[in-house]
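Asks: The structure follows.
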Amino acid sequence: MSPASGTGSPASGTRSPASGTGSAADRGVILIGVAAIALAGFVFGAPLPPEFRFVSIGPVGAGLLVASGLLAIVSGLIRRRSLRSLAGALLTVGALAQVVGLALSIRPLGGDASAMAVVGGLGIGLLSLSLSPSSSAHPHDPTKGKP
């Protein structure tokens with residue numbers, strides 16, 4: 001592996017564009033999208049014993065989780081901040097609708113306040129990753145902080 005081979009060494013901090021690794025924010029967005037889809041499984045999956053029912057959510061809320069989760073995963077893969085913001089906004093608006101619905105006894109997402117907490121938490125997480133500065137503003141220096 002000579003320097004003329006064109007491959008950056010792991011110690012040099014350079015990665016080839018074809019390696020498929022995105023920024024930490026992109027990986028975080030993908031993880032949140034996977035979590036949203038997994039949480040929708042509480043509706044579409046097999047009934048769980050009461051001690052494992054972490055969230056009570058209806059089909060509308062599960063559909064919102066799946067749609068926003070897929071949008072988040074796609075935005076992380078193609079590295080589009082606008083799609084990431086859209087997924088976060090959808091989830092956050094859904095959580096706000098659930099809060100208002102709980103006050104009016106409507107429950108638009110089905111379930112209870114746990115649906116609002118899960119949907120809102122995922123939405124706020126996506127929005128915070130969308131609004132944070134890009135990681136290219138502070139490139140990683142592998143020698144920094146090492147003795």
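The way I read the labels, and the way they are meant: chains A, B, ... in the order of the structure tokens, residue 1 as the first residue of every chain, and ligand 1 as the first ligand shown, with later ones counted on from there.
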Got a sec: who's within 8 Å of range 65-70 of chain A, counting only C-alpha atoms, leaving out chain neighbours fewer than 5 positions off, as a compact mmCIF listing (two decimals) with N, CA and C atoms, in the first residue's frame?

Replies:
```
# COMPACT_ATOMS: atom_id res chain seq x y z
N ILE A 32 -32.28 7.15 13.81
CA ILE A 32 -33.59 7.62 14.26
C ILE A 32 -34.68 7.08 13.34
N GLY A 33 -34.42 7.05 12.03
CA GLY A 33 -35.40 6.50 11.10
C GLY A 33 -35.67 5.03 11.35
N VAL A 34 -34.62 4.27 11.62
CA VAL A 34 -34.79 2.84 11.93
C VAL A 34 -35.57 2.68 13.23
N ALA A 35 -35.28 3.52 14.22
CA ALA A 35 -36.01 3.46 15.49
C ALA A 35 -37.48 3.78 15.30
N ALA A 36 -37.79 4.76 14.46
CA ALA A 36 -39.19 5.11 14.21
C ALA A 36 -39.94 3.95 13.58
N ILE A 37 -39.31 3.29 12.62
CA ILE A 37 -39.96 2.14 11.98
C ILE A 37 -40.12 0.99 12.97
N LEU A 39 -40.46 1.23 16.20
CA LEU A 39 -41.52 1.57 17.15
C LEU A 39 -42.91 1.42 16.54
N ALA A 40 -43.01 1.54 15.23
CA ALA A 40 -44.29 1.31 14.58
C ALA A 40 -44.68 -0.17 14.69
N ALA A 87 -38.90 15.41 7.74
CA ALA A 87 -39.25 14.27 8.59
C ALA A 87 -39.40 14.70 10.04
N GLY A 88 -38.49 15.52 10.52
CA GLY A 88 -38.58 16.03 11.89
C GLY A 88 -39.80 16.89 12.12
N LEU A 90 -42.65 16.74 10.44
CA LEU A 90 -43.84 15.87 10.43
C LEU A 90 -44.06 15.22 11.79
N LEU A 91 -43.00 14.70 12.36
CA LEU A 91 -43.12 14.05 13.66
C LEU A 91 -43.46 15.05 14.76
N VAL A 119 -43.21 10.13 19.44
CA VAL A 119 -43.23 10.86 18.17
C VAL A 119 -42.53 12.21 18.33
```

Asks: Can you pull out every residue within 10 Å of Arg79 in chain A, counting only C-alpha atoms, but drop anything in the same chain fewer than 3 positions away, and send it as a PyMOL selection string?

Replies: chain A and resi 22-23+25-27+29+72-76+82-84

Asks: Please, what distance in Å, to one decimal, runs between CA of Met116 in chain A and CA of Val60 in chain A?

Replies: 12.4 Å

Asks: What is the CA of Ala89 in chain A-CA of Ser132 in chain A distance in Å, reported with one decimal?

Replies: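 Between CA of Ala89 in chain A and CA of Ser132 in chain A the gap works out to 14.9 Å.
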
Asks: Rank nothing, just name the residue among A:Asp112, A:Gly123, A:Ser128, A:Ala24 nearest to Val55 in chain A, using only C-alpha atoms.

Replies: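 Selected residue with least distance to Val55 in chain A: A:Asp112.
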
Asks: Could you give me, as a list in words, the residues within 8 Å of range 94-102 of chain A, counting only C-alpha atoms and dropping anything in the same chain fewer than 6 positions from it?

Replies: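 Everything that qualifies: Gly61, Leu64, Pro108, Leu109, Asp112, Ala113, Ala115, Met116, Ala117, Val119 and Gly120 of chain A.
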
Asks: For CA of Arg80 in chain A and CA of Gly63 in chain A, determine how far apart the two atoms are, in Å to one decimal place.

Replies: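 These atoms are spaced 22.2 Å apart.
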